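J.: Pasting query20.pdb below, which is PDB, C-alpha atoms.
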```
MODEL        1
ATOM      1  CA  MET C  18     111.852  66.544 112.040
ATOM      2  CA  THR C  19     112.485  66.549 108.325
ATOM      3  CA  LYS C  20     112.917  69.825 106.536
ATOM      4  CA  ILE C  21     109.778  71.445 105.189
ATOM      5  CA  LYS C  22     110.304  71.908 101.505
ATOM      6  CA  THR C  23     107.209  71.244  99.481
ATOM      7  CA  LEU C  24     103.503  71.985  99.651
ATOM      8  CA  ALA C  25     103.025  68.339 100.647
ATOM      9  CA  ASP C  26     105.204  68.912 103.733
ATOM     10  CA  LEU C  27     103.173  72.015 104.463
ATOM     11  CA  ARG C  28      99.973  70.001 104.183
ATOM     12  CA  LYS C  29     101.185  67.635 106.905
ATOM     13  CA  ILE C  30     101.708  70.567 109.258
ATOM     14  CA  LYS C  31      98.278  71.874 108.334
ATOM     15  CA  GLU C  32      96.651  68.565 109.216
ATOM     16  CA  GLU C  33      98.408  68.473 112.577
ATOM     17  CA  VAL C  34      97.320  72.021 113.260
ATOM     18  CA  GLN C  35      93.758  71.500 112.065
ATOM     19  CA  SER C  36      92.994  68.944 114.733
ATOM     20  CA  LYS C  37      94.380  71.202 117.439
ATOM     21  CA  ILE C  38      92.733  74.527 116.862
ATOM     22  CA  LYS C  39      89.181  75.637 116.944
ATOM     23  CA  LEU C  40      88.454  77.898 114.033
ATOM     24  CA  ARG C  41      87.753  81.366 115.230
ATOM     25  CA  GLU C  42      84.329  82.468 114.239
ATOM     26  CA  ASN C  43      85.013  86.116 114.859
ATOM     27  CA  SER C  44      87.099  86.565 111.766
ATOM     28  CA  ASP C  45      83.923  87.033 109.749
ATOM     29  CA  HIS C  46      82.978  89.967 111.942
ATOM     30  CA  PRO C  47      85.822  92.434 111.762
ATOM     31  CA  GLU C  48      83.989  94.850 114.024
ATOM     32  CA  GLN C  49      84.406  92.416 116.916
ATOM     33  CA  VAL C  50      88.141  92.004 116.691
ATOM     34  CA  VAL C  51      91.020  94.335 117.337
ATOM     35  CA  GLN C  52      92.198  95.909 114.100
ATOM     36  CA  VAL C  53      95.855  96.814 113.793
ATOM     37  CA  LYS C  54      96.987  98.744 110.737
ATOM     38  CA  VAL C  55     100.694  99.263 110.319
ATOM     39  CA  GLY C  56     101.789 102.168 108.100
ATOM     40  CA  MET C  57     103.856 100.464 105.421
ATOM     41  CA  ALA C  58     104.642 102.985 102.757
ATOM     42  CA  THR C  59     108.218 103.873 101.856
ATOM     43  CA  CYS C  60     108.611 105.994 104.980
ATOM     44  CA  GLY C  61     107.287 103.274 107.277
ATOM     45  CA  ILE C  62     109.376 100.508 105.763
ATOM     46  CA  ALA C  63     112.526 102.628 105.930
ATOM     47  CA  SER C  64     111.846 103.172 109.637
ATOM     48  CA  GLY C  65     111.408  99.488 110.400
ATOM     49  CA  ALA C  66     107.658  98.934 110.049
ATOM     50  CA  LYS C  67     108.295  95.377 108.881
ATOM     51  CA  GLU C  68     109.714  94.432 112.275
ATOM     52  CA  THR C  69     106.823  96.199 113.974
ATOM     53  CA  MET C  70     104.241  94.331 111.912
ATOM     54  CA  LYS C  71     105.992  91.009 112.508
ATOM     55  CA  TYR C  72     105.955  91.694 116.226
ATOM     56  CA  PHE C  73     102.214  92.445 116.256
ATOM     57  CA  VAL C  74     101.373  89.324 114.212
ATOM     58  CA  ASP C  75     103.546  87.168 116.441
ATOM     59  CA  GLU C  76     102.577  88.594 119.805
ATOM     60  CA  LEU C  77      98.808  88.910 119.286
ATOM     61  CA  GLU C  78      98.679  85.312 118.084
ATOM     62  CA  GLN C  79     100.852  84.218 121.021
ATOM     63  CA  GLN C  80      98.572  85.933 123.518
ATOM     64  CA  ALA C  81      95.443  84.619 121.783
ATOM     65  CA  ILE C  82      94.008  88.070 121.153
ATOM     66  CA  ASP C  83      91.559  88.108 118.238
ATOM     67  CA  ALA C  84      93.077  90.621 115.919
ATOM     68  CA  VAL C  85      93.530  91.443 112.280
ATOM     69  CA  VAL C  86      96.926  92.892 111.443
ATOM     70  CA  THR C  87      97.192  94.574 108.056
ATOM     71  CA  GLN C  88      99.320  97.047 106.174
ATOM     72  CA  THR C  89      98.159 100.466 105.270
ATOM     73  CA  GLY C  90      99.659 103.307 103.275
ATOM     74  CA  CYS C  91     101.235 106.508 104.425
ATOM     75  CA  MET C  92      99.008 108.583 106.657
ATOM     76  CA  GLY C  93     101.154 111.669 106.262
ATOM     77  CA  TYR C  94     102.985 111.290 109.586
ATOM     78  CA  CYS C  95     106.265 110.296 107.967
ATOM     79  CA  TYR C  96     108.227 111.981 110.778
ATOM     80  CA  ALA C  97     106.693 109.613 113.334
ATOM     81  CA  GLU C  98     107.049 106.301 111.515
ATOM     82  CA  PRO C  99     106.504 103.501 112.159
ATOM     83  CA  THR C 100     102.907 104.463 112.804
ATOM     84  CA  VAL C 101     100.176 102.058 113.864
ATOM     85  CA  GLU C 102      96.431 102.569 113.901
ATOM     86  CA  ILE C 103      94.593 100.511 116.489
ATOM     87  CA  THR C 104      90.830 100.100 116.447
ATOM     88  CA  LEU C 105      89.395  98.372 119.503
ATOM     89  CA  PRO C 106      85.919  96.892 119.025
ATOM     90  CA  GLY C 107      83.327  99.647 119.225
ATOM     91  CA  LYS C 108      85.876 102.423 119.623
ATOM     92  CA  GLU C 109      87.339 105.159 117.472
ATOM     93  CA  PRO C 110      90.685 104.413 115.802
ATOM     94  CA  VAL C 111      93.776 105.654 117.624
ATOM     95  CA  VAL C 112      97.084 106.298 115.847
ATOM     96  CA  PHE C 113     100.376 105.774 117.655
ATOM     97  CA  GLY C 114     103.725 107.074 116.396
ATOM     98  CA  TYR C 115     107.302 105.849 116.767
ATOM     99  CA  VAL C 116     106.151 102.262 117.301
ATOM    100  CA  ASN C 117     109.230 100.108 117.710
ATOM    101  CA  LYS C 118     109.118  96.732 119.462
ATOM    102  CA  ASP C 119     109.117  98.209 122.953
ATOM    103  CA  LYS C 120     106.314 100.605 122.105
ATOM    104  CA  ALA C 121     104.376  97.785 120.454
ATOM    105  CA  GLU C 122     104.667  95.723 123.606
ATOM    106  CA  GLU C 123     103.354  98.637 125.672
ATOM    107  CA  ILE C 124     100.473  99.164 123.232
ATOM    108  CA  ILE C 125      99.434  95.519 123.483
ATOM    109  CA  ASP C 126      99.748  95.352 127.259
ATOM    110  CA  VAL C 127      98.214  98.686 128.161
ATOM    111  CA  TYR C 128      95.944  99.837 125.332
ATOM    112  CA  ILE C 129      94.741  96.643 123.646
ATOM    113  CA  LYS C 130      94.423  94.525 126.773
ATOM    114  CA  ARG C 131      93.359  97.115 129.329
ATOM    115  CA  GLY C 132      92.001  99.929 127.192
ATOM    116  CA  ALA C 133      94.081 102.595 128.941
ATOM    117  CA  LEU C 134      95.615 105.333 126.821
ATOM    118  CA  ILE C 135      99.362 105.794 126.703
ATOM    119  CA  ASP C 136     101.824 108.396 125.428
ATOM    120  CA  GLY C 137     102.621 108.583 121.773
ATOM    121  CA  ILE C 138      99.164 109.142 120.299
ATOM    122  CA  ILE C 139      99.012 111.242 117.168
ATOM    123  CA  PRO C 140      95.902 113.411 117.137
ATOM    124  CA  LEU C 141      94.036 112.154 114.098
ATOM    125  CA  ALA C 142      90.891 114.179 113.975
ATOM    126  CA  PHE C 143      89.443 116.559 116.434
ATOM    127  CA  ARG C 144      85.751 116.512 117.032
ATOM    128  CA  THR C 145      83.809 119.306 118.546
ATOM    129  CA  ILE C 146      80.763 118.976 120.740
ATOM    130  CA  ASP C 147      78.604 119.749 117.696
ATOM    131  CA  ASP C 148      79.801 116.696 115.719
TER     132      ASP C 148
ATOM    133  CA  MET S  25     116.157 100.780 101.826
ATOM    134  CA  LYS S  26     118.788  98.379 103.040
ATOM    135  CA  THR S  27     117.602  95.185 101.380
ATOM    136  CA  ILE S  28     115.946  94.019  98.162
ATOM    137  CA  SER S  29     113.096  92.593 100.219
ATOM    138  CA  GLU S  30     112.315  96.007 101.729
ATOM    139  CA  HIS S  31     112.167  97.449  98.223
ATOM    140  CA  VAL S  32     109.807  94.666  97.180
ATOM    141  CA  LEU S  33     107.577  95.277 100.207
ATOM    142  CA  ASP S  34     107.445  98.917  99.177
ATOM    143  CA  ILE S  35     106.978  98.608  95.398
ATOM    144  CA  VAL S  36     104.323  95.918  95.772
ATOM    145  CA  GLN S  37     102.167  98.496  97.591
ATOM    146  CA  ASN S  38     102.011 100.393  94.311
ATOM    147  CA  SER S  39     100.543  97.309  92.650
ATOM    148  CA  VAL S  40      98.075  96.895  95.501
ATOM    149  CA  ARG S  41      96.935 100.485  95.038
ATOM    150  CA  ALA S  42      96.651  99.856  91.302
ATOM    151  CA  GLU S  43      94.092  97.160  92.167
ATOM    152  CA  ALA S  44      96.131  94.303  90.776
ATOM    153  CA  THR S  45      94.804  90.768  91.246
ATOM    154  CA  LEU S  46      98.095  89.151  90.312
ATOM    155  CA  ILE S  47     101.525  90.318  91.402
ATOM    156  CA  GLU S  48     104.663  88.478  90.347
ATOM    157  CA  ILE S  49     108.000  89.034  92.013
ATOM    158  CA  ILE S  50     110.910  87.515  90.141
ATOM    159  CA  VAL S  51     114.553  87.549  91.192
ATOM    160  CA  ARG S  52     117.080  86.221  88.668
ATOM    161  CA  GLU S  53     120.692  85.626  89.489
ATOM    162  CA  GLN S  54     123.000  85.128  86.546
ATOM    163  CA  ARG S  55     126.431  84.436  87.936
ATOM    164  CA  LYS S  56     127.967  84.019  84.501
ATOM    165  CA  ASN S  57     126.972  87.521  83.406
ATOM    166  CA  ASN S  58     127.272  88.925  86.924
ATOM    167  CA  LEU S  59     123.690  90.187  86.851
ATOM    168  CA  TYR S  60     121.040  90.310  89.554
ATOM    169  CA  THR S  61     117.599  91.202  88.243
ATOM    170  CA  LEU S  62     114.470  92.087  90.194
ATOM    171  CA  GLU S  63     111.156  92.209  88.368
ATOM    172  CA  ILE S  64     107.801  93.138  89.813
ATOM    173  CA  ILE S  65     104.936  92.569  87.399
ATOM    174  CA  ASP S  66     101.288  93.334  88.087
ATOM    175  CA  ASN S  67      98.021  93.344  86.195
ATOM    176  CA  GLY S  68      96.800  96.538  87.850
ATOM    177  CA  CYS S  69      95.472  99.704  86.281
ATOM    178  CA  GLY S  70      98.795 100.721  84.724
ATOM    179  CA  MET S  71      99.983 104.257  84.047
ATOM    180  CA  THR S  72      99.581 106.682  81.205
ATOM    181  CA  ARG S  73     102.679 107.902  79.439
ATOM    182  CA  GLU S  74     102.604 111.229  81.313
ATOM    183  CA  VAL S  75     102.463 109.520  84.710
ATOM    184  CA  LEU S  76     105.100 106.977  83.675
ATOM    185  CA  GLU S  77     107.524 109.768  82.772
ATOM    186  CA  GLN S  78     107.102 111.212  86.247
ATOM    187  CA  ALA S  79     107.116 107.904  88.128
ATOM    188  CA  THR S  80     110.748 108.011  89.256
ATOM    189  CA  ASN S  81     110.655 111.692  90.086
ATOM    190  CA  PRO S  82     110.847 111.801  93.905
ATOM    191  CA  PHE S  83     108.641 114.877  93.925
ATOM    192  CA  PHE S  84     105.839 113.154  92.087
ATOM    193  CA  THR S  85     103.173 110.988  93.666
ATOM    194  CA  SER S  86      99.644 109.913  92.894
ATOM    195  CA  ARG S  87      98.735 110.352  96.539
ATOM    196  CA  SER S  88      97.348 113.431  98.198
ATOM    197  CA  THR S  89      98.536 112.859 101.799
ATOM    198  CA  ARG S  90     102.025 114.141 100.999
ATOM    199  CA  LYS S  91     104.004 115.715  98.216
ATOM    200  CA  VAL S  92     106.778 113.186  97.719
ATOM    201  CA  GLY S  93     106.871 109.678  96.292
ATOM    202  CA  LEU S  94     110.156 107.973  97.024
ATOM    203  CA  GLY S  95     109.533 104.266  96.484
ATOM    204  CA  LEU S  96     110.513 103.930  92.828
ATOM    205  CA  SER S  97     113.146 106.657  92.995
ATOM    206  CA  LEU S  98     114.959 104.903  95.832
ATOM    207  CA  LEU S  99     114.973 101.599  93.942
ATOM    208  CA  LYS S 100     116.260 103.348  90.837
ATOM    209  CA  GLN S 101     118.984 105.029  92.857
ATOM    210  CA  ASN S 102     120.076 101.740  94.428
ATOM    211  CA  ALA S 103     120.112  99.904  91.092
ATOM    212  CA  GLU S 104     122.178 102.597  89.443
ATOM    213  CA  ALA S 105     124.538 102.801  92.424
ATOM    214  CA  ALA S 106     125.166  99.071  91.995
ATOM    215  CA  GLY S 107     126.170  99.485  88.365
ATOM    216  CA  GLY S 108     122.777  98.470  87.065
ATOM    217  CA  SER S 109     119.765  99.954  85.389
ATOM    218  CA  PHE S 110     116.114 100.611  86.050
ATOM    219  CA  ILE S 111     113.140 100.616  83.728
ATOM    220  CA  ILE S 112     109.363 100.611  84.018
ATOM    221  CA  PHE S 113     106.947  99.347  81.386
ATOM    222  CA  SER S 114     103.326 100.234  81.833
ATOM    223  CA  GLU S 115     100.160 100.306  79.841
ATOM    224  CA  PRO S 116      96.850 101.713  81.101
ATOM    225  CA  GLY S 117      94.392  98.899  81.742
ATOM    226  CA  LYS S 118      96.998  96.180  81.325
ATOM    227  CA  GLY S 119      99.494  96.508  84.131
ATOM    228  CA  THR S 120     102.988  97.511  85.042
ATOM    229  CA  LYS S 121     106.397  95.887  85.079
ATOM    230  CA  VAL S 122     109.220  97.302  87.132
ATOM    231  CA  GLU S 123     112.679  95.967  86.349
ATOM    232  CA  ALA S 124     115.757  96.757  88.400
ATOM    233  CA  VAL S 125     119.097  95.305  87.382
ATOM    234  CA  PHE S 126     122.090  95.202  89.710
ATOM    235  CA  LEU S 127     125.604  93.900  89.226
ATOM    236  CA  LEU S 128     125.611  90.696  91.247
ATOM    237  CA  ASN S 129     129.015  91.177  92.862
ATOM    238  CA  HIS S 130     128.806  94.957  93.223
ATOM    239  CA  LEU S 131     129.537  96.136  96.762
ATOM    240  CA  ASP S 132     126.497  98.385  96.730
ATOM    241  CA  ARG S 133     124.015  95.757  95.630
ATOM    242  CA  PRO S 134     121.637  95.443  98.600
ATOM    243  CA  PRO S 135     121.385  91.933 100.052
ATOM    244  CA  LEU S 136     118.168  89.985  99.444
ATOM    245  CA  GLY S 137     117.068  90.252 103.087
ATOM    246  CA  ASP S 138     114.117  88.412 104.577
ATOM    247  CA  ILE S 139     112.047  88.099 101.426
ATOM    248  CA  TRP S 140     109.948  85.372 103.113
ATOM    249  CA  ASP S 141     108.623  87.961 105.559
ATOM    250  CA  THR S 142     107.886  90.335 102.696
ATOM    251  CA  TRP S 143     105.886  87.695 100.861
ATOM    252  CA  TYR S 144     104.082  86.571 103.997
ATOM    253  CA  LEU S 145     103.207  90.017 105.364
ATOM    254  CA  THR S 146     101.996  91.223 101.968
ATOM    255  CA  LEU S 147      99.821  88.144 101.618
ATOM    256  CA  LEU S 148      98.436  88.576 105.138
ATOM    257  CA  SER S 149      97.246  92.065 104.264
ATOM    258  CA  ASN S 150      96.028  91.200 100.767
ATOM    259  CA  PRO S 151      94.776  87.614 100.766
ATOM    260  CA  GLU S 152      92.635  88.321  97.694
ATOM    261  CA  ILE S 153      95.667  89.123  95.555
ATOM    262  CA  ARG S 154      97.550  86.265  93.940
ATOM    263  CA  LEU S 155     101.153  86.755  94.956
ATOM    264  CA  VAL S 156     103.811  84.740  93.167
ATOM    265  CA  TYR S 157     107.462  84.876  94.148
ATOM    266  CA  THR S 158     110.061  83.217  91.954
ATOM    267  CA  HIS S 159     113.787  83.032  92.532
ATOM    268  CA  GLN S 160     116.177  81.657  89.922
ATOM    269  CA  THR S 161     119.848  80.885  90.276
ATOM    270  CA  ASN S 162     122.277  78.778  88.251
ATOM    271  CA  GLU S 163     121.451  75.887  90.535
ATOM    272  CA  GLY S 164     117.715  75.923  90.148
ATOM    273  CA  SER S 165     114.495  77.777  90.547
ATOM    274  CA  PHE S 166     111.981  78.139  93.357
ATOM    275  CA  SER S 167     108.496  79.536  93.117
ATOM    276  CA  ILE S 168     105.741  80.046  95.665
ATOM    277  CA  ASP S 169     102.195  80.933  94.666
ATOM    278  CA  SER S 170      99.811  82.312  97.292
ATOM    279  CA  GLN S 171      96.871  80.721  95.490
ATOM    280  CA  GLU S 172      98.327  77.239  95.988
ATOM    281  CA  VAL S 173      99.238  77.925  99.599
ATOM    282  CA  LEU S 174      95.804  79.323 100.471
ATOM    283  CA  LYS S 175      94.083  76.408  98.741
ATOM    284  CA  MET S 176      96.156  74.034 100.797
ATOM    285  CA  THR S 177      95.706  75.770 104.163
ATOM    286  CA  ASP S 178      91.971  75.785 103.455
ATOM    287  CA  GLY S 179      90.673  78.065 106.181
ATOM    288  CA  ILE S 180      93.467  77.645 108.710
ATOM    289  CA  PRO S 181      94.523  81.205 109.508
ATOM    290  CA  LEU S 182      97.932  82.083 108.108
ATOM    291  CA  GLN S 183      98.757  83.823 111.384
ATOM    292  CA  GLN S 184      98.457  80.539 113.253
ATOM    293  CA  LYS S 185     101.892  79.987 114.770
ATOM    294  CA  GLU S 186     102.808  76.515 113.456
ATOM    295  CA  MET S 187     101.393  77.342 110.043
ATOM    296  CA  ARG S 188     103.256  80.621 109.814
ATOM    297  CA  GLU S 189     106.542  79.102 110.904
ATOM    298  CA  ALA S 190     106.138  76.211 108.475
ATOM    299  CA  ILE S 191     105.491  78.530 105.529
ATOM    300  CA  LEU S 192     108.457  80.758 106.336
ATOM    301  CA  GLU S 193     110.693  77.743 106.857
ATOM    302  CA  MET S 194     109.625  76.234 103.564
ATOM    303  CA  ILE S 195     110.661  79.381 101.680
ATOM    304  CA  LYS S 196     113.971  79.625 103.556
ATOM    305  CA  ASN S 197     114.838  75.957 102.970
ATOM    306  CA  ASN S 198     114.129  76.208  99.266
ATOM    307  CA  LEU S 199     116.184  79.367  98.839
ATOM    308  CA  GLU S 200     119.045  77.688 100.652
ATOM    309  CA  GLU S 201     118.726  74.691  98.341
ATOM    310  CA  ILE S 202     119.247  76.770  95.192
ATOM    311  CA  ASN S 203     122.088  78.597  96.928
ATOM    312  CA  THR S 204     120.869  82.181  96.568
ATOM    313  CA  SER S 205     123.379  84.998  96.942
ATOM    314  CA  LYS S 206     123.260  86.949 100.167
TER     315      LYS S 206
ENDMDL
END
```
Starting from the coordinates I provided, produce the structure as structure tokens.
T.:
Amino acid sequence: MTKIKTLADLRKIKEEVQSKIKLRENSDHPEQVVQVKVGMATCGIASGAKETMKYFVDELEQQAIDAVVTQTGCMGYCYAEPTVEITLPGKEPVVFGYVNKDKAEEIIDVYIKRGALIDGIIPLAFRTIDD
Amino acid sequence: MKTISEHVLDIVQNSVRAEATLIEIIVREQRKNNLYTLEIIDNGCGMTREVLEQATNPFFTSRSTRKVGLGLSLLKQNAEAAGGSFIIFSEPGKGTKVEAVFLLNHLDRPPLGDIWDTWYLTLLSNPEIRLVYTHQTNEGSFSIDSQEVLKMTDGIPLQQKEMREAILEMIKNNLEEINTSK
């Protein structure tokens, strides 16, 4: 294959891809997809959040899980970076701390795919019975 | 931060928070003068003079979740450690320009790092912001504009594997072509 160097080369790839994939309709309805927010302020980046985000983008696409992966700012848990907030459709957001690649893999396999909680959750907000 | 690209990833968040619609990242290598310049220019809300004076103070931040703001101070520290300089220009309502100068061959100048990932991940999170990355060396210049890329991909998700790999490869190949410093 020739080296991809210009937008024209990129367009060729796009045309090959276009015929292969079905456009996902869900992307217009963010409440129906898994939302992954990676803490990417100074503290997160210094702790390797870039690798974590890359892993989520790569792996969720690979496993064909409908998800939106975005960056977010510092949530104030600098000690536990990289932090990731996961919102499953119809559920409350859950924040995980110390998310390196291994932890990210566990989060995808256990929490995102099966909905079971795992260690490493940072209590975000407590709600009482009255709420 | 270990690389220029991590600094960019970090500083660009400031522009995002300043509600910029255009962010330009420019790296200039001047081998003759031994200079390595990083500029990040946005058209966001800008800063008043009082805020600007405090911007590189690590104990100043515009956020309320914590009491420190290290992004700009760390970049300043790295630029100065590499024999360079650091300056911010900003005007309320117009935008901000951050300029960090390093000595190109200084041992403490951070390497460029995976700037393609920085550009791509920032775009993925902020598709509505026009993100332009330009890299100039003695041997040429390369520029990638998110507006052109998004117009071309025309609805194909950027996360799509082949598309993502093609975009990243295109940036890498072009940087190699103009022989960027490590």
J.: Report as a PyMOL selection string the set of chain S residues whose atoms approach chain C to within 10 Å, with distances computed over all atoms listed in the file.
T.: chain S and resi 25-26+30-31+33-38+41+87-91+93-96+98+141-142+144-150+168+172-173+176-181+183-199+201
J.: Kindly give the distance, in Å, that separates atom CA of C:Ala121 and atom CA of C:Pro140, rounded to a single decimal.
T.: 18.1 Å
J.: Quote the spacing between atom CA of S:Thr158 and atom CA of S:Leu62 in Å to one decimal place.
T.: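 Atom CA of S:Leu62 lies at a distance of 10.1 Å from atom CA of S:Thr158.
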J.: Expanded to explicit residues, what is the PyMOL selection byres ((chain S and resi 129) around 10) for this file, as number ranges by chain?
T.: S: 55, 58-60, 106-107, 126-128, 130-133, 205
J.: Counting all atoms listed in the file, which residues come within 10 Å of (95.4, 92.5, 82.1), with the point read in the file's coordinates, and could you list them as a list in words?
T.: Ala44, Thr45, Leu46, Asp66, Asn67, Gly68, Cys69, Gly70, Glu115, Pro116, Gly117, Lys118, Gly119 and Thr120 of chain S
J.: Could you state which residues are captured by the PyMOL selection byres ((chain C and resi 108-114) around 7) in this file, as a VMD selection string?
T.: chain C and resid 97 to 107 115 to 116 137 to 139 141
J.: From the list S:Ser39, S:Gln54, S:Thr80, S:Ser167, which residue is nearest S:Ile153 when using all atoms listed in the file?
T.: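 Nearest candidate to S:Ile153 out of S:Ser39, S:Gln54, S:Thr80, S:Ser167: S:Ser39.
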J.: Which one is closest to S:Trp143: S:Leu155, S:Ile47, S:Ile64, S:Ile28? Count all atoms listed in the file.
T.: S:Leu155
J.: Mind pulling up the distance from atom CA of C:Tyr96 to atom CA of C:Lys130?
T.: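 It comes out at 27.4 Å.
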J.: Quick check on the file I pasted: which residues fall under the PyMOL selection byres ((chain C and resi 118) around 9)? Write them as an MDAnalysis selection string.
T.: chainID C and resid 68:69 72:73 116:117 119:123
